[in-house]
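Peer 1: Below is run.csv; it holds CSV, C-alpha atoms and all ligand atoms.
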```
chain,number,residue,atom,x,y,z
A,257,MET,CA,-13.3,4.4,1.8
A,258,LYS,CA,-14.9,1.0,1.2
A,259,PRO,CA,-17.3,1.0,4.2
A,260,LEU,CA,-18.8,-2.4,3.7
A,261,ARG,CA,-15.4,-4.1,3.3
A,262,ASP,CA,-14.1,-2.2,6.3
A,263,THR,CA,-17.0,-3.3,8.4
A,264,VAL,CA,-16.5,-6.9,7.3
A,265,ILE,CA,-12.8,-6.8,8.1
A,266,ARG,CA,-13.4,-5.2,11.5
A,267,ALA,CA,-16.2,-7.7,12.3
A,268,GLY,CA,-14.0,-10.6,11.1
A,269,LEU,CA,-11.0,-9.5,13.1
A,270,GLU,CA,-13.2,-9.1,16.2
A,271,ALA,CA,-14.9,-12.4,15.7
A,272,LEU,CA,-11.7,-14.2,15.1
A,273,TYR,CA,-10.1,-12.6,18.1
A,274,PHE,CA,-12.9,-13.2,20.6
A,275,SER,CA,-13.6,-16.8,19.4
A,276,GLY,CA,-9.9,-17.7,19.5
A,277,ALA,CA,-10.5,-19.2,16.1
A,278,HIS,CA,-7.3,-17.8,14.8
A,279,ARG,CA,-5.5,-20.2,17.1
A,280,TRP,CA,-7.0,-23.4,15.8
A,281,LEU,CA,-7.0,-22.1,12.2
A,282,ARG,CA,-3.4,-21.2,12.4
A,283,PRO,CA,-1.9,-24.5,11.1
A,284,VAL,CA,-4.1,-24.2,8.0
A,285,THR,CA,-3.8,-20.5,7.4
A,286,ALA,CA,-0.5,-19.3,8.6
A,287,GLY,CA,1.5,-20.5,5.5
A,288,MET,CA,5.2,-20.0,5.2
A,289,GLY,CA,5.2,-16.3,5.7
A,290,ALA,CA,3.6,-12.9,5.1
A,291,ILE,CA,4.5,-9.6,3.4
A,292,PHE,CA,3.1,-6.8,5.4
A,293,MET,CA,2.0,-3.7,3.5
A,294,LEU,CA,2.3,-0.2,5.0
A,295,HIS,CA,2.2,3.4,3.7
A,296,HIS,CA,2.7,6.3,6.1
A,297,VAL,CA,4.2,5.9,9.5
A,298,ARG,CA,3.7,9.0,11.6
A,299,PRO,CA,2.2,10.3,14.8
A,300,ALA,CA,-1.6,10.3,14.9
A,301,ARG,CA,-3.2,13.4,13.5
A,302,GLY,CA,-6.1,15.1,15.2
A,303,GLY,CA,-9.4,15.8,13.4
A,304,ALA,CA,-12.5,13.7,12.7
A,305,PHE,CA,-12.1,13.8,8.9
A,306,GLN,CA,-9.3,11.5,7.9
A,307,PRO,CA,-10.5,9.5,4.9
A,308,ASN,CA,-7.0,8.2,4.2
A,309,ARG,CA,-6.4,7.0,7.7
A,310,HIS,CA,-6.2,3.4,6.6
A,311,LEU,CA,-2.9,4.4,4.9
A,312,GLU,CA,-1.1,5.4,8.1
A,313,ILE,CA,-0.1,3.8,11.3
A,314,THR,CA,1.8,5.3,14.3
A,315,PRO,CA,5.4,4.5,15.1
A,316,GLU,CA,4.1,2.9,18.4
A,317,PHE,CA,1.9,0.5,16.4
A,318,LEU,CA,4.7,-0.4,14.1
A,319,ASP,CA,6.9,-1.1,17.2
A,320,ALA,CA,4.1,-3.3,18.7
A,321,THR,CA,3.8,-5.2,15.4
A,322,LEU,CA,7.5,-5.9,15.2
A,323,ALA,CA,7.7,-7.0,18.8
A,324,HIS,CA,4.7,-9.3,18.2
A,325,VAL,CA,6.2,-10.8,15.1
A,326,ARG,CA,9.5,-11.4,16.9
A,327,ASP,CA,7.6,-12.9,19.9
A,328,CYS,CA,6.0,-15.4,17.5
A,329,GLY,CA,9.4,-16.6,16.5
A,330,ILE,CA,8.9,-15.2,13.0
A,331,ASP,CA,12.0,-14.2,11.1
A,332,ILE,CA,11.9,-10.7,9.6
A,333,VAL,CA,13.7,-11.0,6.2
A,334,THR,CA,14.4,-9.1,3.0
A,335,LEU,CA,12.3,-9.7,-0.1
A,336,ASP,CA,15.3,-11.5,-1.6
A,337,GLU,CA,15.4,-13.9,1.3
A,338,ALA,CA,11.7,-14.4,1.2
A,339,ARG,CA,11.9,-15.2,-2.5
A,340,ARG,CA,14.7,-17.6,-1.8
A,341,ARG,CA,12.7,-19.5,0.9
A,342,LEU,CA,9.6,-19.5,-1.3
A,343,MET,CA,11.5,-20.9,-4.3
A,344,ALA,CA,13.4,-23.5,-2.2
A,345,GLY,CA,10.3,-24.5,-0.4
A,346,ASP,CA,12.2,-23.6,2.8
A,347,GLY,CA,9.4,-23.4,5.4
A,348,ALA,CA,11.5,-24.4,8.4
A,349,ARG,CA,10.8,-21.1,10.0
A,350,ARG,CA,7.9,-18.7,9.3
A,351,PHE,CA,9.0,-15.3,7.9
A,352,ALA,CA,7.7,-11.8,7.4
A,353,CYS,CA,8.7,-9.0,5.1
A,354,PHE,CA,7.8,-5.3,5.7
A,355,THR,CA,7.0,-3.2,2.7
A,356,PHE,CA,6.1,0.5,2.4
A,357,ASP,CA,4.5,1.9,-0.7
A,358,ASP,CA,5.1,5.3,-2.4
A,359,GLY,CA,8.3,6.6,-0.8
A,360,TYR,CA,7.0,8.8,2.0
A,361,ARG,CA,9.5,10.9,3.9
A,362,ASP,CA,7.9,9.7,7.2
A,363,ASN,CA,9.3,6.2,6.3
A,364,ARG,CA,12.7,7.7,7.0
A,365,ASP,CA,11.8,9.9,9.9
A,366,HIS,CA,9.4,7.6,11.8
A,367,ALA,CA,9.6,4.1,10.5
A,368,LEU,CA,13.4,3.7,10.0
A,369,PRO,CA,14.2,4.3,13.8
A,370,VAL,CA,11.7,1.7,14.8
A,371,MET,CA,12.9,-0.8,12.2
A,372,ARG,CA,16.5,-0.2,13.3
A,373,ALA,CA,15.5,-0.8,17.0
A,374,HIS,CA,14.3,-4.3,15.9
A,375,GLY,CA,17.1,-4.9,13.4
A,376,ALA,CA,14.4,-5.4,10.8
A,377,PRO,CA,15.0,-5.1,7.1
A,378,PHE,CA,12.3,-3.5,4.9
A,379,THR,CA,11.5,-2.4,1.4
A,380,VAL,CA,10.2,0.9,0.2
A,381,TYR,CA,8.5,1.0,-3.3
A,382,VAL,CA,9.3,4.3,-5.0
A,383,ALA,CA,7.0,5.9,-7.7
A,384,ALA,CA,9.6,7.8,-9.7
A,385,ASP,CA,7.5,10.9,-10.4
A,386,PHE,CA,6.9,11.3,-6.6
A,387,ALA,CA,10.7,11.3,-6.0
A,388,GLU,CA,11.0,13.7,-8.9
A,389,GLY,CA,8.5,16.0,-7.2
A,390,CYS,CA,6.1,16.0,-10.2
A,391,GLY,CA,3.7,13.1,-9.4
A,392,ARG,CA,0.1,13.6,-8.2
A,393,LEU,CA,-1.1,12.1,-5.0
A,394,TRP,CA,-4.7,12.7,-5.9
A,395,TRP,CA,-6.2,11.0,-2.9
A,396,VAL,CA,-4.3,13.4,-0.6
A,397,ALA,CA,-5.4,16.3,-2.8
A,398,LEU,CA,-9.0,15.2,-2.6
A,399,GLU,CA,-8.8,15.0,1.2
A,400,ARG,CA,-7.4,18.5,1.4
A,401,VAL,CA,-10.1,19.9,-0.9
A,402,LEU,CA,-12.8,18.3,1.2
A,403,ALA,CA,-11.2,19.4,4.5
A,404,ARG,CA,-11.4,23.0,3.4
A,405,ALA,CA,-14.6,23.2,1.3
A,406,ASP,CA,-18.2,23.6,2.6
A,407,ALA,CA,-19.5,22.3,-0.7
A,408,ILE,CA,-18.0,20.8,-3.9
A,409,GLU,CA,-19.2,20.1,-7.3
A,410,ILE,CA,-18.0,17.5,-9.8
A,411,GLU,CA,-18.8,17.2,-13.5
A,412,ARG,CA,-19.8,13.7,-14.1
A,413,GLU,CA,-21.2,12.3,-17.3
A,414,GLY,CA,-24.8,13.3,-17.2
A,415,GLY,CA,-24.3,16.6,-15.4
A,416,ALA,CA,-22.8,18.3,-12.4
A,417,LEU,CA,-23.2,16.8,-9.0
A,418,ARG,CA,-23.0,18.9,-5.8
A,419,PHE,CA,-22.1,17.7,-2.3
A,420,GLY,CA,-22.5,19.7,0.8
A,421,THR,CA,-19.4,19.1,2.9
A,422,GLY,CA,-20.1,21.2,6.0
A,423,ASP,CA,-19.1,18.7,8.6
A,424,ALA,CA,-16.9,15.7,9.1
A,425,ALA,CA,-19.7,13.1,8.3
A,426,ALA,CA,-20.7,15.0,5.1
A,427,LYS,CA,-17.0,15.3,4.1
A,428,GLN,CA,-16.5,11.6,4.6
A,429,ALA,CA,-19.6,10.7,2.6
A,430,ALA,CA,-18.5,13.0,-0.2
A,431,PHE,CA,-14.9,11.6,-0.2
A,432,ARG,CA,-16.3,8.1,-0.5
A,433,ALA,CA,-18.6,9.0,-3.4
A,434,VAL,CA,-16.1,11.1,-5.3
A,435,HIS,CA,-13.3,8.5,-4.7
A,436,GLY,CA,-15.6,5.8,-6.0
A,437,TRP,CA,-16.5,7.8,-9.1
A,438,LEU,CA,-12.8,8.6,-9.8
A,439,ARG,CA,-11.9,5.0,-9.8
A,440,THR,CA,-14.4,4.5,-12.6
A,441,LEU,CA,-12.7,7.0,-14.9
A,442,ALA,CA,-10.9,5.8,-18.0
A,443,ASP,CA,-7.4,6.4,-16.8
A,444,ASP,CA,-5.2,8.2,-14.3
A,445,ARG,CA,-5.0,11.3,-16.5
A,446,ALA,CA,-8.8,11.7,-16.2
A,447,VAL,CA,-8.6,11.2,-12.4
A,448,GLN,CA,-5.8,13.8,-12.0
A,449,ASP,CA,-7.6,16.3,-14.2
A,450,ALA,CA,-10.8,16.0,-12.2
A,451,VAL,CA,-9.0,16.4,-8.9
A,452,SER,CA,-6.8,19.2,-10.2
A,453,LEU,CA,-9.9,21.1,-11.2
A,454,LEU,CA,-11.3,20.7,-7.7
A,455,CYS,CA,-7.9,21.8,-6.3
A,456,ALA,CA,-7.9,24.9,-8.5
A,457,ARG,CA,-11.4,25.9,-7.4
A,458,HIS,CA,-10.7,25.4,-3.7
A,459,GLY,CA,-7.1,26.8,-3.5
A,460,ILE,CA,-5.2,23.6,-2.9
A,461,ASP,CA,-1.8,23.3,-4.6
A,462,ASP,CA,-1.9,19.7,-5.6
A,463,ALA,CA,1.4,19.9,-7.6
A,464,ALA,CA,3.3,20.6,-4.3
A,465,ILE,CA,2.0,17.5,-2.4
A,466,ALA,CA,4.6,15.0,-3.8
A,467,ARG,CA,7.5,17.3,-2.8
A,468,GLU,CA,5.9,17.9,0.6
A,469,LEU,CA,5.3,14.2,1.5
A,470,CYS,CA,7.8,12.1,-0.6
A,471,MET,CA,11.5,11.7,-0.4
A,472,SER,CA,13.5,13.4,-3.2
A,473,TRP,CA,16.2,11.5,-5.1
A,474,ASP,CA,18.9,13.0,-2.9
A,475,GLU,CA,17.0,12.0,0.2
A,476,LEU,CA,16.4,8.5,-1.2
A,477,LYS,CA,20.0,8.1,-2.1
A,478,ALA,CA,21.0,8.6,1.6
A,479,PHE,CA,18.1,6.5,2.8
A,480,ALA,CA,18.9,3.6,0.4
A,481,ALA,CA,22.4,3.4,1.8
A,482,ASP,CA,21.1,2.1,5.1
A,483,PRO,CA,21.8,-1.7,5.1
A,484,LEU,CA,18.2,-2.4,6.3
A,485,VAL,CA,16.7,-0.6,3.3
A,486,THR,CA,15.8,-2.1,-0.1
A,487,ILE,CA,14.3,0.2,-2.7
A,488,GLY,CA,11.7,-1.3,-5.1
A,489,ALA,CA,9.9,0.2,-8.1
A,490,HIS,CA,6.2,1.4,-8.1
A,491,THR,CA,5.9,2.8,-11.7
A,492,LEU,CA,6.7,6.2,-12.9
A,493,SER,CA,3.4,8.0,-12.4
A,494,HIS,CA,1.6,5.7,-9.9
A,495,CYS,CA,-0.9,4.8,-12.6
A,496,ASN,CA,-3.4,2.0,-12.6
A,497,LEU,CA,-1.5,-0.3,-15.0
A,498,ALA,CA,-4.6,-2.3,-16.0
A,499,ARG,CA,-6.0,0.9,-17.5
A,500,GLU,CA,-3.0,1.5,-19.7
A,501,SER,CA,-2.1,-0.2,-23.0
A,502,GLU,CA,0.3,-3.2,-22.6
A,503,ALA,CA,3.1,-1.2,-24.1
A,504,GLN,CA,2.5,1.8,-21.8
A,505,ALA,CA,2.2,-0.5,-18.7
A,506,GLY,CA,5.5,-2.1,-19.6
A,507,ARG,CA,7.2,1.3,-20.0
A,508,GLU,CA,5.8,2.4,-16.6
A,509,MET,CA,7.3,-0.7,-15.0
A,510,ALA,CA,10.7,-0.8,-16.9
A,511,ASP,CA,11.3,2.9,-16.9
A,512,SER,CA,10.6,3.4,-13.2
A,513,ARG,CA,13.2,0.7,-12.5
A,514,ALA,CA,15.7,2.3,-14.8
A,515,ARG,CA,15.2,5.8,-13.3
A,516,ILE,CA,15.6,4.5,-9.8
A,517,GLU,CA,18.7,2.5,-10.7
A,518,ALA,CA,20.2,5.6,-12.4
A,519,ALA,CA,19.4,8.0,-9.5
A,520,LEU,CA,20.4,5.7,-6.6
A,521,GLU,CA,23.1,3.7,-8.4
A,522,ARG,CA,21.9,0.4,-7.1
A,523,PRO,CA,20.0,-2.5,-8.8
A,524,VAL,CA,16.2,-2.7,-8.4
A,525,SER,CA,14.6,-6.1,-8.6
A,526,HIS,CA,11.3,-5.8,-6.8
A,527,PHE,CA,8.0,-4.2,-7.8
A,528,ALA,CA,4.7,-3.2,-6.3
A,529,TYR,CA,1.6,-2.6,-8.4
A,530,PRO,CA,0.0,0.8,-7.7
A,531,TYR,CA,-3.5,0.3,-6.1
A,532,GLY,CA,-2.7,-3.4,-6.4
A,533,ASP,CA,-6.2,-4.8,-6.4
A,534,ARG,CA,-7.9,-6.9,-9.1
A,535,ASP,CA,-8.9,-3.8,-11.0
A,536,ALA,CA,-5.3,-2.6,-11.2
A,537,ALA,CA,-3.2,-5.7,-11.5
A,538,ALA,CA,-4.1,-9.1,-12.9
A,539,ALA,CA,-2.7,-11.8,-15.2
A,540,ARG,CA,-1.4,-9.3,-17.9
A,541,GLU,CA,0.5,-7.2,-15.4
A,542,PHE,CA,1.8,-10.3,-13.5
A,543,ALA,CA,3.2,-11.7,-16.8
A,544,LEU,CA,4.7,-8.3,-17.7
A,545,ALA,CA,6.6,-8.1,-14.4
A,546,ALA,CA,7.9,-11.6,-14.9
A,547,ARG,CA,9.0,-10.8,-18.5
A,548,LEU,CA,10.7,-7.7,-17.3
A,549,GLY,CA,12.7,-9.8,-14.9
A,550,PHE,CA,11.4,-8.6,-11.5
A,551,ALA,CA,12.3,-11.1,-8.8
A,552,THR,CA,9.1,-10.4,-7.0
A,553,ALA,CA,6.0,-8.2,-7.5
A,554,VAL,CA,3.4,-7.5,-4.8
A,555,THR,CA,-0.3,-6.8,-5.0
A,556,THR,CA,-2.7,-5.5,-2.4
A,557,ARG,CA,-4.7,-8.7,-2.6
A,558,PRO,CA,-4.9,-10.0,1.0
A,559,GLY,CA,-3.2,-13.2,1.8
A,560,MET,CA,-0.3,-15.1,3.4
A,561,LEU,CA,2.5,-16.8,1.4
A,562,PHE,CA,2.2,-20.5,0.8
A,563,ALA,CA,4.3,-23.0,-1.1
A,564,GLU,CA,1.9,-22.5,-4.1
A,565,ASN,CA,3.0,-18.8,-4.4
A,566,ALA,CA,6.4,-20.0,-5.6
A,567,ALA,CA,4.8,-20.5,-9.0
A,568,HIS,CA,3.7,-16.9,-9.1
A,569,PRO,CA,6.4,-14.6,-7.6
A,570,THR,CA,5.1,-11.6,-9.5
A,571,ALA,CA,1.6,-12.0,-8.0
A,572,LEU,CA,2.3,-12.0,-4.3
A,573,PRO,CA,-0.4,-11.1,-1.8
A,574,ARG,CA,0.1,-8.9,1.2
A,575,VAL,CA,-1.3,-8.3,4.7
A,576,SER,CA,-2.3,-4.7,5.2
A,577,LEU,CA,-1.3,-3.0,8.5
A,578,ASN,CA,-4.4,-0.8,8.2
A,579,GLY,CA,-4.5,2.4,10.2
A,580,ASN,CA,-8.2,1.8,11.0
A,581,TYR,CA,-7.3,-1.3,13.0
A,582,GLN,CA,-4.4,-0.2,15.1
A,583,ASN,CA,-5.3,-2.5,18.0
A,584,ALA,CA,-2.6,-4.8,19.4
A,585,ARG,CA,-5.2,-7.6,19.9
A,586,PHE,CA,-5.7,-7.8,16.1
A,587,LEU,CA,-2.0,-8.6,15.6
A,588,ALA,CA,-2.3,-12.2,16.7
A,589,VAL,CA,-5.2,-12.6,14.2
A,590,LEU,CA,-3.3,-11.0,11.3
A,591,THR,CA,-0.1,-13.1,11.9
A,592,SER,CA,-2.2,-16.2,12.2
A,593,GLY,CA,-3.4,-15.7,8.6
A,594,ALA,CA,-7.0,-16.5,9.7
A,595,ALA,CA,-8.3,-13.1,8.6
A,596,THR,CA,-6.9,-13.1,5.1
A,597,ALA,CA,-7.9,-16.8,4.7
A,598,LEU,CA,-11.5,-16.0,5.5
A,599,TRP,CA,-11.3,-13.1,3.0
A,600,ASN,CA,-10.0,-15.4,0.3
A,601,GLY,CA,-12.3,-18.3,1.1
A,602,PHE,CA,-9.3,-20.4,2.1
A,603,ARG,CA,-7.9,-20.2,-1.5
A,604,ARG,CA,-4.1,-20.3,-1.0
A,605,ALA,CA,-2.6,-18.8,-4.1
A,606,ASP,CA,-4.5,-16.5,-6.5
A,607,ALA,CA,-2.7,-15.3,-9.5
A,608,ALA,CA,-5.5,-14.9,-12.0
A,701,ZN,ZN,1.1,3.4,-4.1
```
Show this structure as structure tokens.
Peer 2:
Amino acid sequence: MKPLRDTVIRAGLEALYFSGAHRWLRPVTAGMGAIFMLHHVRPARGGAFQPNRHLEITPEFLDATLAHVRDCGIDIVTLDEARRRLMAGDGARRFACFTFDDGYRDNRDHALPVMRAHGAPFTVYVAADFAEGCGRLWWVALERVLARADAIEIEREGGALRFGTGDAAAKQAAFRAVHGWLRTLADDRAVQDAVSLLCARHGIDDAAIARELCMSWDELKAFAADPLVTIGAHTLSHCNLARESEAQAGREMADSRARIEAALERPVSHFAYPYGDRDAAAAREFALAARLGFATAVTTRPGMLFAENAAHPTALPRVSLNGNYQNARFLAVLTSGAATALWNGFRRADAA
């Protein structure tokens, strides 16, 4: 999706691994702990065109990750405990949290058994509209359109643009271009309209995707009863909060929490910003989450947790378990913090 960034990450991980630099960097970069970010956990799918592959790892890789974290003597803790340690400056033992975004059913079917085998608690951030079966997972819809179509056309400002999408390489290039263009649109409504138009033209039922992939309220209620599971909020509509007015962003955050609490009859105190990068969550959103009383809120900015992060519990960085890098030898690099430290230029806390 972001080819340059992907290449940089891969090159960085390889260089760190082969140089052994992650070992000597570790005292500087490892910090107190890390929050791992995951999306789908499911068996690998065949096919060359998988533009969303960075959003899924296999149960085997999850198992290897948990085993590695345990082997490093790192405690696997809930977000409540992570917050407690952060606030108390309790760095006696390194810790890791596992967080899963969006509320996919495969988290129950494929992740939960692995987490159970390791006795590892974890958090799933639920977008209320996905649980309701009415949200739009436009990035999945776009993948399905391109998988099926031999050519697509989008109506950009300045005229229609046509992409030949006859083979996997062309589909990948078109996905990258269209995805990049979509992220420039004014708001999520415009993104969904553009993707829905493509879906209508190419016979994809984008309205059915949430129900197909995400847990319903009934399923979530049973899932949330597992003592290892914490449910967090992830807005109502999975919108880019930074593109909304402050009032609307506040409603997306507060109302998603209220809806989850009503449906699951349990308190919700943790939040994840959809998309979570600098263009989707920054100082205004961090302040909103704090004002609304969330105990923690996580971004997708890469980084480990340091004592400095205690001042910004609603602007926490995460370490992505990216499906494009499911190689056991990268795990030592990721848990060392060297990769994310390089990415951040060795800045330890970033809440601007
Ligand atoms: Zn999400």
Peer 1: Find the spatial neighbours of Ile516 of chain A, counting only C-alpha atoms, within a cut-off of 12 Å - ignore same-chain residues fewer than 4 positions away - and output them as an MDAnalysis selection string.
Peer 2: chainID A and resid 359 380:388 472:474 476:477 480 486:492 509:512 520:527
Peer 1: Neighbours of ligand ZN 701 (chain A) within 6 Å, counting all atoms listed in the file, as a short mmCIF file (atom, residue, chain, number, x, y, z; two decimals) with C-alpha atoms, in the frame of the given file?
Peer 2:
```cif
data_model
loop_
_atom_site.label_atom_id
_atom_site.label_comp_id
_atom_site.auth_asym_id
_atom_site.auth_seq_id
_atom_site.Cartn_x
_atom_site.Cartn_y
_atom_site.Cartn_z
CA ASP A 357 4.50 1.90 -0.70
CA ASP A 358 5.10 5.30 -2.40
CA PRO A 530 0.00 0.80 -7.70
CA TYR A 531 -3.50 0.30 -6.10
#
```
Peer 1: With all atoms listed in the file as the atoms that count, which of A:Arg392, A:His296, A:His435, A:His310 lies nearest to Ser452 of chain A?
Peer 2: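 Under the stated criterion, the closest residue is A:Arg392.
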Peer 1: Find, counting all atoms listed in the file, the residue in A:Cys470, A:Ala514, A:Cys495, A:Ala481 that gets nearest to Arg445 of chain A.
Peer 2: A:Cys495
Peer 1: At what distance in Å, to one decimal, does atom CA of Thr334 of chain A lie from atom CA of Ala588 of chain A?
Peer 2: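 So the two atoms, atom CA of Ala588 of chain A and atom CA of Thr334 of chain A, lie 21.8 Å apart.
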Peer 1: Which is closer to Thr421 of chain A than all the others in A:Ala407, A:Leu484, A:Ala546, A:Ala528, using all atoms listed in the file?
Peer 2: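 The closest residue to Thr421 of chain A is A:Ala407.
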